[in-house]
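In what follows, a structure is listed as structure tokens, so that the remarks can point back to it.
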Amino acid sequence: MPLRPGPVYVEILRAADSVPRGRLTTFGEIARTLGDYRAAKAVAEVISVMGRAYGVPWHRVVSSRGEILRGAEEFLREEGVVVKGGRVVDLTRRLVEAGELEARPILAEMRRTQRILAERVILEDEVERPELVAGADVAYRWERDEGGLPVEVARGAVVVVDTDLRVVDGSIQISPAVMPYVPTYLGFREFPALARALSRLSFDVAMMDGHGIAHPVFFGEASHVGVCLDIPALGVAKRRLVGKIRGEELIYMTRQVGWALPVKPEGRPVYVSPGHKVSLEGSAKIVKKFRGGTRIPTPVRLAHKLAEFPKPGEGRFGETSSL
DNA sequence: GCGACAG
DNA sequence: ATCTTGTCGC
């Protein structure tokens, strides 16, 4: 099966390819063309890692302050662009703005999909007393395909844990990443790898690294996975994406979307939010029950470890540990 | 420099 | 998330 970069990677490269010789654009302009300025950092990474190998004029894409990518200076000079101190001098005059770039507003389309699917989220407990919790996480690595082209690879891992916090089952699934990490679109990035691993196992509720409804359109990764696989799911995150903390409640747009559960009296809280077929109360209850003395609950912690790509020379059969 | 947006 | 040296604390 040949590795093909997903549509978001393709649109980023297409946008860069539409910048003519002697002109420039920015990571942010490309991100806005895709439909969301939040993708600016992802654009920078994709252009710098994939641009040269895919034959697009990567050197014509710079930061909003005119900072150029490493190695771009000689190519820009050759096109008559003046570079001084690692920055282009006349960005304004040469700038190709978002409206002139050739790319589809794919992130805007994905946002619409999130809004539609968010209406399907159910915030009631399907399972009253979960016995088996599936911790799920994904690790990433840039690799090269058979033709030497860089592709980002996802390694999804799921660990099923019982009420004694014992591992009873697990799965690892490797697949090409479908899109780079863009804040608020994490569900799209991780869903394929998670779905492959989750669909091979049986459990009562899935717990993943990320947020559930604590999201700008109430459709974080845990909601995405929960709705699309029609399984109970909840999110556990180390950092906040949206909302304000009031006591232990996480409030966004006048309603509670999750919890900021204290771990130690003075330590940082862990953010918990329902994804699908789990209630607010249920999500906190499950995390407390399956938390083994550490900040990150055991199922997610183990999944995180299992997802890691083995270092060269370590592990057998491509596995980090045996399950 | 500030603000900050999961992974 | 990944890249990475040393450092702090249970």
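Please note that chains go A, B, ... in the order of the structure tokens, that every chain numbers its residues from 1, and that ligands are numbered from 1 in the order shown.
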As an NGL selection string, could you give me every residue of chain A near chain B (at most 10 Å apart, counting only C-alpha atoms (C1' of nucleotides))? :A and (38 or 137-140 or 181-187 or 189-190 or 209-212 or 214-215 or 220-221 or 235-242 or 271)
For those residues, write N, CA, C and O atoms to a file as a short mmCIF file (atom, residue, chain, number, x, y, z; two decimals), in the first residue's frame.
```cif
data_model
loop_
_atom_site.label_atom_id
_atom_site.label_comp_id
_atom_site.auth_asym_id
_atom_site.auth_seq_id
_atom_site.Cartn_x
_atom_site.Cartn_y
_atom_site.Cartn_z
N ARG A 38 -5.21 29.13 12.73
CA ARG A 38 -4.55 28.28 13.73
C ARG A 38 -3.59 27.28 13.09
O ARG A 38 -2.78 26.66 13.78
N ASP A 137 -4.10 6.35 22.72
CA ASP A 137 -3.20 7.47 22.41
C ASP A 137 -2.50 7.20 21.08
O ASP A 137 -2.50 6.07 20.58
N VAL A 138 -1.90 8.25 20.51
CA VAL A 138 -1.22 8.12 19.23
C VAL A 138 0.14 8.82 19.29
O VAL A 138 0.25 9.91 19.85
N ALA A 139 1.16 8.18 18.73
CA ALA A 139 2.47 8.80 18.59
C ALA A 139 2.75 9.03 17.11
O ALA A 139 2.16 8.36 16.26
N TYR A 140 3.64 9.98 16.80
CA TYR A 140 3.90 10.33 15.40
C TYR A 140 5.38 10.37 15.11
O TYR A 140 6.21 10.61 15.98
N TYR A 181 -0.94 18.27 12.97
CA TYR A 181 -1.64 18.74 14.16
C TYR A 181 -2.01 20.20 13.99
O TYR A 181 -1.16 21.07 13.77
N VAL A 182 -3.30 20.48 14.10
CA VAL A 182 -3.81 21.85 14.11
C VAL A 182 -4.73 21.95 15.32
O VAL A 182 -5.66 21.14 15.44
N PRO A 183 -4.46 22.91 16.22
CA PRO A 183 -5.31 23.03 17.41
C PRO A 183 -6.78 23.08 17.02
O PRO A 183 -7.15 23.77 16.05
N THR A 184 -7.59 22.35 17.74
CA THR A 184 -9.04 22.24 17.60
C THR A 184 -9.49 21.26 16.49
O THR A 184 -10.68 21.03 16.32
N TYR A 185 -8.53 20.66 15.77
CA TYR A 185 -8.87 19.64 14.77
C TYR A 185 -8.21 18.30 15.11
O TYR A 185 -8.03 17.44 14.25
N LEU A 186 -7.84 18.14 16.36
CA LEU A 186 -7.10 16.95 16.76
C LEU A 186 -7.85 15.66 16.45
O LEU A 186 -7.24 14.65 16.09
N GLY A 187 -9.17 15.69 16.58
CA GLY A 187 -9.96 14.48 16.32
C GLY A 187 -9.74 13.95 14.91
O GLY A 187 -9.62 12.74 14.70
N ARG A 189 -7.09 14.34 13.08
CA ARG A 189 -5.71 13.82 12.97
C ARG A 189 -5.59 12.42 13.56
O ARG A 189 -4.95 11.56 12.97
N GLU A 190 -6.21 12.21 14.69
CA GLU A 190 -5.97 10.95 15.40
C GLU A 190 -7.02 9.87 15.14
O GLU A 190 -6.78 8.71 15.45
N ASP A 209 -6.28 10.78 25.31
CA ASP A 209 -5.44 11.93 25.60
C ASP A 209 -5.96 13.12 24.79
O ASP A 209 -5.73 13.20 23.60
N GLY A 210 -6.68 14.02 25.46
CA GLY A 210 -7.27 15.15 24.74
C GLY A 210 -8.59 15.51 25.39
O GLY A 210 -8.92 15.00 26.46
N HIS A 211 -9.34 16.41 24.76
CA HIS A 211 -10.60 16.85 25.33
C HIS A 211 -11.80 16.20 24.64
O HIS A 211 -11.69 15.71 23.52
N GLY A 212 -12.94 16.22 25.34
CA GLY A 212 -14.20 15.79 24.76
C GLY A 212 -14.96 17.02 24.29
O GLY A 212 -14.60 17.65 23.30
N ALA A 214 -15.04 19.83 25.76
CA ALA A 214 -14.33 21.06 26.13
C ALA A 214 -13.54 21.55 24.92
O ALA A 214 -12.31 21.46 24.85
N HIS A 215 -14.26 22.08 23.96
CA HIS A 215 -13.74 22.37 22.62
C HIS A 215 -14.54 23.55 22.05
O HIS A 215 -15.71 23.72 22.40
N GLY A 220 -14.37 17.88 20.63
CA GLY A 220 -12.97 17.49 20.72
C GLY A 220 -12.75 16.06 20.31
O GLY A 220 -13.68 15.34 19.92
N GLU A 221 -11.52 15.62 20.43
CA GLU A 221 -11.15 14.28 19.97
C GLU A 221 -12.02 13.17 20.56
O GLU A 221 -12.43 12.24 19.85
N GLY A 235 -12.48 12.40 27.51
CA GLY A 235 -11.14 12.94 27.28
C GLY A 235 -10.44 13.30 28.57
O GLY A 235 -11.07 13.76 29.52
N VAL A 236 -9.14 13.08 28.58
CA VAL A 236 -8.29 13.47 29.71
C VAL A 236 -7.13 14.28 29.13
O VAL A 236 -6.38 13.77 28.31
N ALA A 237 -7.01 15.54 29.55
CA ALA A 237 -5.97 16.40 28.97
C ALA A 237 -5.09 17.01 30.05
O ALA A 237 -5.53 17.25 31.16
N LYS A 238 -3.86 17.24 29.68
CA LYS A 238 -2.92 17.85 30.62
C LYS A 238 -3.05 19.37 30.61
O LYS A 238 -2.67 20.02 31.57
N ARG A 239 -3.57 19.90 29.53
CA ARG A 239 -3.70 21.36 29.42
C ARG A 239 -5.10 21.73 28.94
O ARG A 239 -5.80 20.94 28.32
N ARG A 240 -5.48 22.98 29.21
CA ARG A 240 -6.79 23.47 28.87
C ARG A 240 -6.82 23.95 27.41
O ARG A 240 -5.86 24.52 26.93
N LEU A 241 -7.91 23.69 26.74
CA LEU A 241 -8.09 24.19 25.37
C LEU A 241 -9.02 25.39 25.38
O LEU A 241 -8.74 26.41 24.76
N VAL A 242 -10.14 25.27 26.06
CA VAL A 242 -11.10 26.38 26.18
C VAL A 242 -11.62 26.44 27.61
O VAL A 242 -11.45 25.51 28.39
N TYR A 271 -7.48 17.83 33.21
CA TYR A 271 -8.74 18.27 32.62
C TYR A 271 -9.51 17.07 32.07
O TYR A 271 -8.99 16.31 31.25
#
```
Report as a PyMOL selection string: the residues of segment 198-320 of chain A with a DSSP assignment of helix (DSSP H, G or I), based on the backbone of this structure. chain A and resi 198+221-229+280-289+298-307
I need the residues from that last selection saved to file as a short mmCIF file (atom, residue, chain, number, x, y, z; two decimals), in the first residue's frame (with N, CA and C atoms), if you can.
```
data_model
loop_
_atom_site.label_atom_id
_atom_site.label_comp_id
_atom_site.auth_asym_id
_atom_site.auth_seq_id
_atom_site.Cartn_x
_atom_site.Cartn_y
_atom_site.Cartn_z
N LEU A 198 -9.05 0.65 18.29
CA LEU A 198 -10.22 0.47 19.15
C LEU A 198 -11.18 -0.58 18.61
N GLU A 221 -11.52 15.62 20.43
CA GLU A 221 -11.15 14.28 19.97
C GLU A 221 -12.02 13.17 20.56
N ALA A 222 -12.29 13.23 21.87
CA ALA A 222 -13.07 12.15 22.50
C ALA A 222 -14.50 12.13 21.97
N SER A 223 -15.06 13.29 21.65
CA SER A 223 -16.39 13.32 21.06
C SER A 223 -16.34 12.78 19.63
N HIS A 224 -15.30 13.16 18.92
CA HIS A 224 -15.13 12.73 17.53
C HIS A 224 -15.06 11.20 17.45
N VAL A 225 -14.20 10.62 18.28
CA VAL A 225 -14.05 9.17 18.29
C VAL A 225 -15.34 8.50 18.79
N GLY A 226 -15.91 9.07 19.84
CA GLY A 226 -17.12 8.48 20.41
C GLY A 226 -18.28 8.46 19.43
N VAL A 227 -18.54 9.58 18.78
CA VAL A 227 -19.66 9.67 17.84
C VAL A 227 -19.40 8.81 16.60
N CYS A 228 -18.21 8.91 16.04
CA CYS A 228 -17.93 8.20 14.79
C CYS A 228 -17.86 6.69 14.95
N LEU A 229 -17.47 6.20 16.14
CA LEU A 229 -17.45 4.76 16.39
C LEU A 229 -18.67 4.33 17.19
N LEU A 280 -21.22 14.29 32.52
CA LEU A 280 -20.20 15.07 33.23
C LEU A 280 -19.81 14.35 34.52
N GLU A 281 -20.82 13.95 35.27
CA GLU A 281 -20.55 13.27 36.54
C GLU A 281 -19.81 11.94 36.27
N GLY A 282 -20.30 11.21 35.26
CA GLY A 282 -19.69 9.93 34.93
C GLY A 282 -18.22 10.06 34.54
N SER A 283 -17.90 11.11 33.79
CA SER A 283 -16.51 11.27 33.33
C SER A 283 -15.57 11.46 34.51
N ALA A 284 -15.99 12.26 35.49
CA ALA A 284 -15.14 12.47 36.67
C ALA A 284 -15.03 11.19 37.49
N LYS A 285 -16.15 10.48 37.58
CA LYS A 285 -16.16 9.25 38.37
C LYS A 285 -15.21 8.20 37.78
N ILE A 286 -15.26 8.07 36.47
CA ILE A 286 -14.41 7.07 35.81
C ILE A 286 -12.94 7.41 35.98
N VAL A 287 -12.61 8.69 35.80
CA VAL A 287 -11.20 9.08 35.94
C VAL A 287 -10.70 8.82 37.36
N LYS A 288 -11.52 9.15 38.36
CA LYS A 288 -11.09 8.94 39.74
C LYS A 288 -10.91 7.45 40.04
N LYS A 289 -11.80 6.64 39.45
CA LYS A 289 -11.74 5.21 39.71
C LYS A 289 -10.54 4.53 39.05
N THR A 298 -4.34 5.63 34.67
CA THR A 298 -3.58 4.46 34.21
C THR A 298 -3.84 4.05 32.75
N PRO A 299 -5.09 3.93 32.31
CA PRO A 299 -5.30 3.48 30.92
C PRO A 299 -4.63 4.39 29.90
N VAL A 300 -4.74 5.71 30.09
CA VAL A 300 -4.14 6.65 29.14
C VAL A 300 -2.62 6.65 29.26
N ARG A 301 -2.14 6.54 30.49
CA ARG A 301 -0.70 6.53 30.71
C ARG A 301 -0.06 5.32 30.01
N LEU A 302 -0.68 4.18 30.16
CA LEU A 302 -0.14 2.97 29.52
C LEU A 302 -0.25 3.03 28.01
N ALA A 303 -1.35 3.59 27.53
CA ALA A 303 -1.53 3.71 26.08
C ALA A 303 -0.47 4.65 25.50
N HIS A 304 -0.19 5.71 26.23
CA HIS A 304 0.82 6.66 25.78
C HIS A 304 2.17 5.97 25.61
N LYS A 305 2.49 5.15 26.59
CA LYS A 305 3.78 4.44 26.56
C LYS A 305 3.81 3.41 25.42
N LEU A 306 2.70 2.73 25.24
CA LEU A 306 2.63 1.72 24.19
C LEU A 306 2.67 2.34 22.79
N ALA A 307 2.18 3.56 22.69
CA ALA A 307 2.14 4.21 21.38
C ALA A 307 3.52 4.64 20.90
#
```
What is the distance between atom CA of Ala40 of chain A and atom CA of Ile12 of chain A, in Å to one decimal? 10.3 Å
Could you please write out, as a count of residues only, every residue of segment 65-269 of chain A that DSSP assigns to strand (DSSP E or B)? 64
With chain A as the partner and 12 Å as the cut-off, tabulate the residues of chain C that qualify, each row holding the nearest pair of atoms and their distance in Å to one decimal, using only C-alpha atoms (C1' of nucleotides), sorted by chain and rising number, as a tab-separated table.
```
residue	atom	partner	partner_atom	distance
C:DA1	C1'	A:Tyr140	CA	6.6
C:DT2	C1'	A:Arg141	CA	7.8
C:DC3	C1'	A:Arg141	CA	11.4
```
Applying 6 Å and only C-alpha atoms (C1' of nucleotides), which residues near Pro232 of chain A remain after dropping the ones on its own chain fewer than 5 positions away? List them as a ChimeraX atom specification. /A:205,226,276-278
So that I have them on file, write out the residues from the current selection with C-alpha atoms, as an mmCIF file, in the first residue's frame.
```cif
data_model
loop_
_atom_site.group_PDB
_atom_site.id
_atom_site.type_symbol
_atom_site.label_atom_id
_atom_site.label_comp_id
_atom_site.auth_asym_id
_atom_site.auth_seq_id
_atom_site.Cartn_x
_atom_site.Cartn_y
_atom_site.Cartn_z
ATOM 1 C CA VAL A 205 -15.599 3.122 27.682
ATOM 2 C CA GLY A 226 -17.122 8.481 20.410
ATOM 3 C CA HIS A 276 -19.931 10.737 23.987
ATOM 4 C CA LYS A 277 -22.406 8.556 25.893
ATOM 5 C CA VAL A 278 -20.753 9.659 29.127
#
```
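Reported to one decimal place, the separation of atom CA of Val43 of chain A from atom CA of Glu67 of chain A is 14.2 Å.
Our summary of the geometry notes that atom CA of Ala134 of chain A is positioned 7.6 Å from atom CA of Asp204 of chain A.
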